[in-house]
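Data block below; observations after.
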Amino acid sequence: MLNSVIAGLTSGGVYALLGLCVVLTYRLVAVVNFSMAAVGSMGAFVMVTLTDTGLNAWLALVVGAVAGAVLAALLGAVLVRWFGEHDERTKAAVTVGVYVALMAVGLRLFGNTTSGARRFPAPFDAPAFTVGSVVVPQSVLVSLAFAVLITVGVGLLLSRTRVGLRLQALSERPSTAQVVGIPAPRLAVAVWAAIGAISTLVIVLVAPRLGGDFSTLGKLINTALAVAMLGAFRSLPLTLAGGVVLGLLEGLSASLEAIQQYRGIVPFLVILVLLWWRSRGEIWDTAHSR
Amino acid sequence: MSGEILRLRDVSISRGEVPIVHDVSLDVVPGAVTLILGANGAGKTTLMDGIAGLVRNTSGTIHLDGVAIERFPTYRRAQAGLGYVEQSRTVFRTLTVEQNLLVSQAGKGDLDMVYRLFPELEKRRNLQAGHLSGGEQQMVVLGRALISDPKVVLIDEMSLGLAPVIVSRLMKAVGDLVGLGIAVLLIEQFAHLALEVGTNAYVLRKGRVIFSGPCEELRGADQRLHELYFGAAPATAADTAAPVARPVAQPVAAGTPAVPSDGPEPEGGTR
């Protein structure tokens with residue numbers, strides 16, 4: 001039991017990070033980005049392809065993150081350039097399209113769940129400490145610390161710096177932001193690039209534990225969206241907590257024999273319950289006309 | 001006219017694929033208020049949006065202080081010294097008053113300058129702008145334009161939905177902007193009020209300039225204004241679609257039907 005809770009915590013940190021990327025994309029550029037994990041996976045596979053050829057892992061990580069950033073920035077530029085005036089649903093649909101395309105390309109290039117597992121470097125596999133009989137690997141601490149760092153760092157960036165204020169202004173009123181002299185397109189593409197790079201790092205962090213095949217990693221978007229919903233697509237601390245909760249739920253479901261094989265649907269259940277909970281008092285027609 | 005800071009020559013503007021503004025030429029001089037008048041749907045807001053770069057100008061030139069800005073994206077026009085007070089009080093609602101000002105701070109603009117103009121705002125500097133009253137929000141938007149150290153400020157229907165006492169307070173602030181040597185281009189539904197503060201006026205009808213000249217010519221000339229707005233003198237007392245036009249007892253051109261110029265032009269209130 002304790003074992004699976006610890007395992008859950010390891011995932012929890014990563015899930016929190018994925019959720020944070022989704023929430024940040026939504027808050028800053030107002031797009032629900034379904035392709036985020038797939039973009040991150042592309043970056044991660046660029047990295048692992050390079051390490052397979054014998055390149056130094058850290059150098060490969062940098063190249064992979066840059067690749068993820070460039071891919072995300074391209075998507076961002078397309079959305080800014082051609083879908084700037086469209087509503088959130090249309091933009092989300094575009095990212096779904098990109099997600100499907102990336103998954104197809106990824107399968108073609110990197111193989112499926114059985115043939116495509118790559119050996120990702122796992123520098124944080126060493127045990128950090130033991131609780132009772134359970135060994136806690138460093139990766140738990142690394143992913144949780146990374147998640148906390150991003151939550152706090154982004155919070156400070158948004159509220160304390162000029163660029164943060166500009167990002168908030170941009171997310172609230174894109175056209176007025178331009179009217180007051182904020183270079184909106186450039187800033188939005190920069191946000192996309194940053195999130196692409198972070199997604200790549202997160203995917204690299206989680207890849208060794210999940211088997212390291214493209215399709216599993218790209219589909220992490222399901223979990224990421226569930227976590228983002230726990231944070232109401234707005235609150236960074238709640239998203240962080242949501243990631244940990246979801247990780248624990250998954251760890252728990254893995255430890256119970258009866259439901260073990262269904263644990264993949266945990267994110268969907270969470271989404272379903274949240275949708276019901278959040279709309280319990282609402283009148284559908286008006287509440288969702290935003 | 002020489003000494004103009006903003007100069008439009010033969011500017012045409014489309015919203016989507018629909019041409020709204022046709023061949024407008026106008027000059028805005030520093031230290032004065034230039035008015036754009038016209039009925040609903042005449043293309044006033046589209047003209048403003050076109051100058052600010054929010055909608056596409058299809059032809060013509062726009063010079064700001066000698067620099068051609070008609071190909072600039074919106075934010076570069078702002079950086080070049082164009083302030084824009086949009087319709088419907090576009091504060092950043094989740095930012096505080098002070099943050100609203102700081103995001104657009106540029107050049108010589110500073111907070112003290114804004115707080116001197118609007119002492120009300122200093123008291124509320126740490127309040128989220130969404131919680132302010134309508135008048136205060138409009139002050140934030142005006143202050144936000146001022147702090148960007150603009151050469152020209154475009155103001156679109158500042159008085160919309162505000163109490164008269166607030167409107168005259170804001171109009172006084174516009175006068176203070178002018179006192180700082182800033183050029184103001186103003187759209188205002190209350191033409192009487194605007195003609196008090198304005199120096200030159202342009203009247204638009206169906207996207208074309210049909211009158212340009214000093215404001216004195218239009219002050220108190222209700223019938224003239226009505227003709228300019230609608231292309232005909234008021235026919236009946238009931239025909240008072242324009243807020244400027246008080247019913248005139250003796251319609252002059254009674255033979256001409258007084259049809260309001262309700263062309264297909266959208267006013268662009270929804271963004």
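Chains: A, B, ... in order of the structure tokens. Residues: from 1 per chain. Ligands: from 1, in order shown.
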Each residue of region 26-106 of chain B with at least one atom at most 7 Å from region 145-166 of chain B should appear once, together with its nearest atom pair and the corresponding distance in Å (one decimal); atoms considered: only C-alpha atoms; ordering: chain, then increasing residue number; output as JSON lines.
```
{"residue": "B:Thr45", "atom": "CA", "partner": "B:Asp156", "partner_atom": "CA", "distance": 6.8}
{"residue": "B:Met48", "atom": "CA", "partner": "B:Leu154", "partner_atom": "CA", "distance": 6.9}
{"residue": "B:Gly81", "atom": "CA", "partner": "B:Pro150", "partner_atom": "CA", "distance": 4.3}
{"residue": "B:Leu82", "atom": "CA", "partner": "B:Val152", "partner_atom": "CA", "distance": 5.2}
{"residue": "B:Gly83", "atom": "CA", "partner": "B:Val153", "partner_atom": "CA", "distance": 4.4}
{"residue": "B:Tyr84", "atom": "CA", "partner": "B:Leu154", "partner_atom": "CA", "distance": 4.7}
{"residue": "B:Val85", "atom": "CA", "partner": "B:Ile155", "partner_atom": "CA", "distance": 4.7}
{"residue": "B:Glu86", "atom": "CA", "partner": "B:Asp156", "partner_atom": "CA", "distance": 5.4}
{"residue": "B:Gln87", "atom": "CA", "partner": "B:Asp156", "partner_atom": "CA", "distance": 5.2}
{"residue": "B:Leu101", "atom": "CA", "partner": "B:Ile147", "partner_atom": "CA", "distance": 6.7}
{"residue": "B:Ser104", "atom": "CA", "partner": "B:Ser148", "partner_atom": "CA", "distance": 5.5}
{"residue": "B:Gln105", "atom": "CA", "partner": "B:Ser148", "partner_atom": "CA", "distance": 4.7}
{"residue": "B:Ala106", "atom": "CA", "partner": "B:Ser148", "partner_atom": "CA", "distance": 4.6}
```
(message) Which residues are close to region 123-136 of chain A, i.e. within 10 Å by only C-alpha atoms, leaving aside same-chain residues fewer than 4 positions away? Reply as number ranges by chain.
(response) A: 2-4, 6-7, 9-10, 57, 140-143, 205, 208-209
(message) DSSP on the backbone: which residues in region 63-181 of chain B end up as strand (DSSP E)? Give the answer as number ranges by chain.
(response) B: 63-64, 67-68, 82-85, 152-156
With chain A as the partner and 8 Å as the cut-off, tabulate the residues of chain B that qualify, each row holding the nearest pair of atoms and their distance in Å to one decimal, using only C-alpha atoms, sorted by chain and rising number, as a tab-separated table.
```
residue	atom	partner	partner_atom	distance
B:Ala52	CA	A:Val179	CA	7.1
B:Leu54	CA	A:Ser175	CA	7.3
B:Thr74	CA	A:Gln178	CA	5.7
B:Tyr75	CA	A:Gly181	CA	4.2
B:Arg76	CA	A:Gly181	CA	6.5
B:Arg77	CA	A:Gly181	CA	7.6
B:Ala78	CA	A:Gly181	CA	4.8
B:Gln79	CA	A:Gly181	CA	5.3
B:Gly83	CA	A:Val180	CA	7.1
B:Tyr84	CA	A:Val179	CA	6.5
B:Thr90	CA	A:Thr176	CA	7.0
B:Phe92	CA	A:Ala169	CA	6.0
B:Arg93	CA	A:Glu172	CA	7.8
B:Thr94	CA	A:Glu172	CA	7.9
B:Leu95	CA	A:Ala169	CA	7.6
B:Gln99	CA	A:Leu165	CA	7.0
B:Leu102	CA	A:Arg162	CA	7.7
B:Val103	CA	A:Arg166	CA	5.8
B:Ser104	CA	A:Val180	CA	5.2
B:Arg144	CA	A:Val180	CA	7.6
B:Ala145	CA	A:Val180	CA	7.2
B:Ser148	CA	A:Val180	CA	7.4
```
Could those residues be written to a file, using N, CA and C atoms, as a CSV table (one decimal), in the first residue's frame?
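Okay, this is what ended up in out_21.csv:
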```
chain,number,residue,atom,x,y,z
B,52,ALA,N,-5.8,53.0,-35.3
B,52,ALA,CA,-5.1,52.3,-34.2
B,52,ALA,C,-4.5,51.0,-34.8
B,54,LEU,N,-6.4,48.2,-35.4
B,54,LEU,CA,-7.2,47.0,-35.0
B,54,LEU,C,-8.0,46.4,-36.2
B,74,THR,N,-0.7,47.0,-34.6
B,74,THR,CA,-1.3,47.9,-33.6
B,74,THR,C,-0.3,48.3,-32.5
B,75,TYR,N,0.5,47.3,-32.0
B,75,TYR,CA,1.3,47.7,-30.9
B,75,TYR,C,2.5,48.6,-31.3
B,76,ARG,N,2.9,48.6,-32.5
B,76,ARG,CA,3.9,49.5,-33.0
B,76,ARG,C,3.4,50.9,-33.2
B,77,ARG,N,2.1,51.0,-33.6
B,77,ARG,CA,1.5,52.3,-33.7
B,77,ARG,C,1.4,52.9,-32.3
B,78,ALA,N,1.1,52.1,-31.3
B,78,ALA,CA,1.0,52.5,-29.9
B,78,ALA,C,2.4,53.0,-29.5
B,79,GLN,N,3.4,52.2,-29.8
B,79,GLN,CA,4.8,52.6,-29.4
B,79,GLN,C,5.2,53.9,-30.1
B,83,GLY,N,-2.1,56.9,-28.6
B,83,GLY,CA,-2.9,56.4,-27.5
B,83,GLY,C,-4.4,56.2,-28.0
B,84,TYR,N,-5.0,55.1,-27.4
B,84,TYR,CA,-6.4,54.9,-27.9
B,84,TYR,C,-7.3,54.5,-26.7
B,90,THR,N,-12.3,49.7,-21.5
B,90,THR,CA,-11.5,48.5,-21.6
B,90,THR,C,-10.4,48.4,-20.6
B,92,PHE,N,-8.1,46.5,-17.8
B,92,PHE,CA,-7.7,45.1,-17.5
B,92,PHE,C,-8.3,44.8,-16.2
B,93,ARG,N,-9.4,44.1,-16.1
B,93,ARG,CA,-10.2,44.0,-14.9
B,93,ARG,C,-9.5,43.3,-13.8
B,94,THR,N,-8.7,42.3,-14.1
B,94,THR,CA,-8.1,41.5,-13.0
B,94,THR,C,-6.8,42.2,-12.5
B,95,LEU,N,-6.3,43.2,-13.2
B,95,LEU,CA,-5.1,43.9,-12.7
B,95,LEU,C,-5.6,45.1,-11.8
B,99,GLN,N,-1.4,48.6,-11.7
B,99,GLN,CA,-0.9,47.7,-12.7
B,99,GLN,C,-1.4,48.0,-14.1
B,102,LEU,N,0.8,50.7,-15.2
B,102,LEU,CA,2.2,50.3,-15.4
B,102,LEU,C,2.4,49.5,-16.7
B,103,VAL,N,1.4,48.7,-17.1
B,103,VAL,CA,1.6,47.9,-18.3
B,103,VAL,C,1.8,48.8,-19.5
B,104,SER,N,1.3,50.0,-19.5
B,104,SER,CA,1.4,50.8,-20.7
B,104,SER,C,2.4,52.0,-20.5
B,144,ARG,N,-4.3,55.4,-18.6
B,144,ARG,CA,-3.4,54.4,-19.3
B,144,ARG,C,-2.9,55.0,-20.6
B,145,ALA,N,-3.8,55.7,-21.3
B,145,ALA,CA,-3.3,56.4,-22.5
B,145,ALA,C,-2.3,57.5,-22.2
B,148,SER,N,1.4,56.4,-21.4
B,148,SER,CA,2.2,55.9,-22.5
B,148,SER,C,2.9,57.0,-23.2
```
(message) Based on the backbone DSSP call, show me all residues of region 23-265 of chain A assigned alpha helix (DSSP H), as a PyMOL selection string.
(response) chain A and resi 23-29+36-52+57-83+88-110+138-160+162-172+174-179+184-210+214-218+221-230+236-255
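Nearest residue to Phe120 (chain A) among A:Leu59, A:Val48, A:Leu149, A:Leu74 is A:Val48, counting only C-alpha atoms.
Between CA of Ala201 (chain B) and CA of Val174 (chain B) the separation is 15.9 Å.
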(request) Take CA of Val154 (chain A) and CA of Val78 (chain A) and report the distance between them in Å, one decimal. (result) 24.8 Å
(request) Measure the distance from CA of Leu193 (chain B) to CA of Val114 (chain B) in Å and round it to one decimal. (result) 23.6 Å
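Distances here use only C-alpha atoms; by that measure, the residue among B:Lys172, B:Arg89, B:Arg219, B:Lys108 closest to Gly130 (chain B) is B:Arg89.
Once Asn57 (chain B) and its same-chain neighbours fewer than 4 positions away are set aside, B:Val11, B:Ser12, B:Ile13, B:Ser14, B:Gly50 remain within 7 Å of it when counting only C-alpha atoms.
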Expected file: the selected residues, all heavy atoms, as a CSV table (one decimal), in the first residue's frame:
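Written out: part37.csv:
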```csv
chain,number,residue,atom,x,y,z
B,11,VAL,N,-7.8,57.6,-46.7
B,11,VAL,CA,-7.8,56.3,-46.0
B,11,VAL,C,-9.1,55.6,-46.2
B,11,VAL,O,-10.2,56.2,-45.9
B,11,VAL,CB,-7.5,56.5,-44.5
B,11,VAL,CG1,-7.7,55.2,-43.7
B,11,VAL,CG2,-6.1,57.0,-44.3
B,12,SER,N,-9.0,54.3,-46.6
B,12,SER,CA,-10.2,53.5,-46.7
B,12,SER,C,-10.0,52.3,-45.7
B,12,SER,O,-8.9,51.8,-45.7
B,12,SER,CB,-10.5,53.0,-48.1
B,12,SER,OG,-10.7,54.0,-49.0
B,13,ILE,N,-11.1,51.9,-45.1
B,13,ILE,CA,-10.9,50.9,-44.0
B,13,ILE,C,-12.1,49.8,-44.2
B,13,ILE,O,-13.2,50.2,-44.4
B,13,ILE,CB,-11.0,51.5,-42.6
B,13,ILE,CG1,-9.9,52.5,-42.4
B,13,ILE,CG2,-10.9,50.4,-41.6
B,13,ILE,CD1,-10.0,53.4,-41.2
B,14,SER,N,-11.7,48.6,-44.1
B,14,SER,CA,-12.7,47.5,-44.2
B,14,SER,C,-12.8,46.8,-42.9
B,14,SER,O,-11.8,46.6,-42.2
B,14,SER,CB,-12.3,46.5,-45.3
B,14,SER,OG,-12.3,47.1,-46.5
B,50,GLY,N,-9.2,51.7,-37.3
B,50,GLY,CA,-8.3,51.7,-38.5
B,50,GLY,C,-7.1,52.5,-38.2
B,50,GLY,O,-6.0,52.1,-38.6
```
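Compared by their closest atoms to Arg224 (chain B), and using only C-alpha atoms, the residues B:Leu117, B:Val209, B:Val203, B:Val97 rank with B:Val203 nearest.
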(request) Please provide as a count of residues only all residues within 7 Å of region 27-44 of chain B, with the sequence filter that same-chain residues fewer than 4 positions apart are discarded (counting only C-alpha atoms). (result) 37
(request) Determine the nearest neighbour of Ser35 (chain A) from the options A:Ala145, A:Ala69, A:Ala92, A:Leu246, counting only C-alpha atoms. (result) A:Ala92
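Residue nearest Leu238 (chain A), chosen from A:Leu107, A:Ala147, A:Val66, A:Phe83 and counting only C-alpha atoms: A:Ala147.
Near Leu272 (chain A), within a cut-off of 12 Å and counting only C-alpha atoms, sit the residues Leu225, Ala226, Met229, Leu230, Ile265, Val266, Pro267, Phe268, Trp276, Trp277, Arg278 and Ser279 of chain A, with same-chain residues fewer than 4 positions away left out.
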Writer output for current selection, N, CA, C and O atoms, as a PDB file, in the first residue's frame:
```pdb
ATOM      1  N   LEU A 225      -5.103  17.205 -18.631  1.00  0.00           N
ATOM      2  CA  LEU A 225      -6.354  17.967 -18.668  1.00  0.00           C
ATOM      3  C   LEU A 225      -7.159  17.759 -17.387  1.00  0.00           C
ATOM      4  O   LEU A 225      -7.772  18.688 -16.863  1.00  0.00           O
ATOM      5  N   ALA A 226      -7.143  16.513 -16.871  1.00  0.00           N
ATOM      6  CA  ALA A 226      -7.856  16.258 -15.615  1.00  0.00           C
ATOM      7  C   ALA A 226      -7.249  17.099 -14.494  1.00  0.00           C
ATOM      8  O   ALA A 226      -7.966  17.707 -13.691  1.00  0.00           O
ATOM      9  N   MET A 229      -8.191  20.646 -14.789  1.00  0.00           N
ATOM     10  CA  MET A 229      -9.561  20.884 -14.321  1.00  0.00           C
ATOM     11  C   MET A 229      -9.622  20.986 -12.813  1.00  0.00           C
ATOM     12  O   MET A 229     -10.395  21.764 -12.263  1.00  0.00           O
ATOM     13  N   LEU A 230      -8.800  20.177 -12.137  1.00  0.00           N
ATOM     14  CA  LEU A 230      -8.764  20.282 -10.677  1.00  0.00           C
ATOM     15  C   LEU A 230      -8.316  21.678 -10.261  1.00  0.00           C
ATOM     16  O   LEU A 230      -8.734  22.188  -9.218  1.00  0.00           O
ATOM     17  N   ILE A 265      -8.544   4.754 -16.570  1.00  0.00           N
ATOM     18  CA  ILE A 265      -9.693   5.658 -16.729  1.00  0.00           C
ATOM     19  C   ILE A 265      -9.818   6.650 -15.579  1.00  0.00           C
ATOM     20  O   ILE A 265     -10.719   7.488 -15.585  1.00  0.00           O
ATOM     21  N   VAL A 266      -8.893   6.578 -14.615  1.00  0.00           N
ATOM     22  CA  VAL A 266      -8.976   7.502 -13.481  1.00  0.00           C
ATOM     23  C   VAL A 266      -9.081   8.966 -13.918  1.00  0.00           C
ATOM     24  O   VAL A 266      -9.955   9.689 -13.438  1.00  0.00           O
ATOM     25  N   PRO A 267      -8.233   9.436 -14.855  1.00  0.00           N
ATOM     26  CA  PRO A 267      -8.356  10.844 -15.259  1.00  0.00           C
ATOM     27  C   PRO A 267      -9.738  11.189 -15.802  1.00  0.00           C
ATOM     28  O   PRO A 267     -10.285  12.241 -15.484  1.00  0.00           O
ATOM     29  N   PHE A 268     -10.297  10.277 -16.595  1.00  0.00           N
ATOM     30  CA  PHE A 268     -11.621  10.556 -17.165  1.00  0.00           C
ATOM     31  C   PHE A 268     -12.687  10.636 -16.088  1.00  0.00           C
ATOM     32  O   PHE A 268     -13.573  11.469 -16.130  1.00  0.00           O
ATOM     33  N   TRP A 276     -19.512  17.438 -13.383  1.00  0.00           N
ATOM     34  CA  TRP A 276     -20.800  17.371 -12.700  1.00  0.00           C
ATOM     35  C   TRP A 276     -20.808  18.293 -11.489  1.00  0.00           C
ATOM     36  O   TRP A 276     -21.727  19.073 -11.297  1.00  0.00           O
ATOM     37  N   TRP A 277     -19.747  18.264 -10.714  1.00  0.00           N
ATOM     38  CA  TRP A 277     -19.696  19.034  -9.478  1.00  0.00           C
ATOM     39  C   TRP A 277     -19.745  20.535  -9.762  1.00  0.00           C
ATOM     40  O   TRP A 277     -20.469  21.286  -9.129  1.00  0.00           O
ATOM     41  N   ARG A 278     -18.982  20.948 -10.758  1.00  0.00           N
ATOM     42  CA  ARG A 278     -18.890  22.383 -11.013  1.00  0.00           C
ATOM     43  C   ARG A 278     -20.161  22.943 -11.644  1.00  0.00           C
ATOM     44  O   ARG A 278     -20.432  24.135 -11.555  1.00  0.00           O
ATOM     45  N   SER A 279     -20.927  22.084 -12.294  1.00  0.00           N
ATOM     46  CA  SER A 279     -22.113  22.613 -12.959  1.00  0.00           C
ATOM     47  C   SER A 279     -23.386  22.233 -12.229  1.00  0.00           C
ATOM     48  O   SER A 279     -24.466  22.391 -12.752  1.00  0.00           O
TER      49      SER A 279
END
```
(message) So that I can check the surroundings of Trp58 (chain A), please list as a PyMOL selection string every protein, DNA and RNA residue that reaches within 10 Å of it, counting only C-alpha atoms and ignoring chain neighbours fewer than 5 positions away.
(response) chain A and resi 47+51+63-64+121
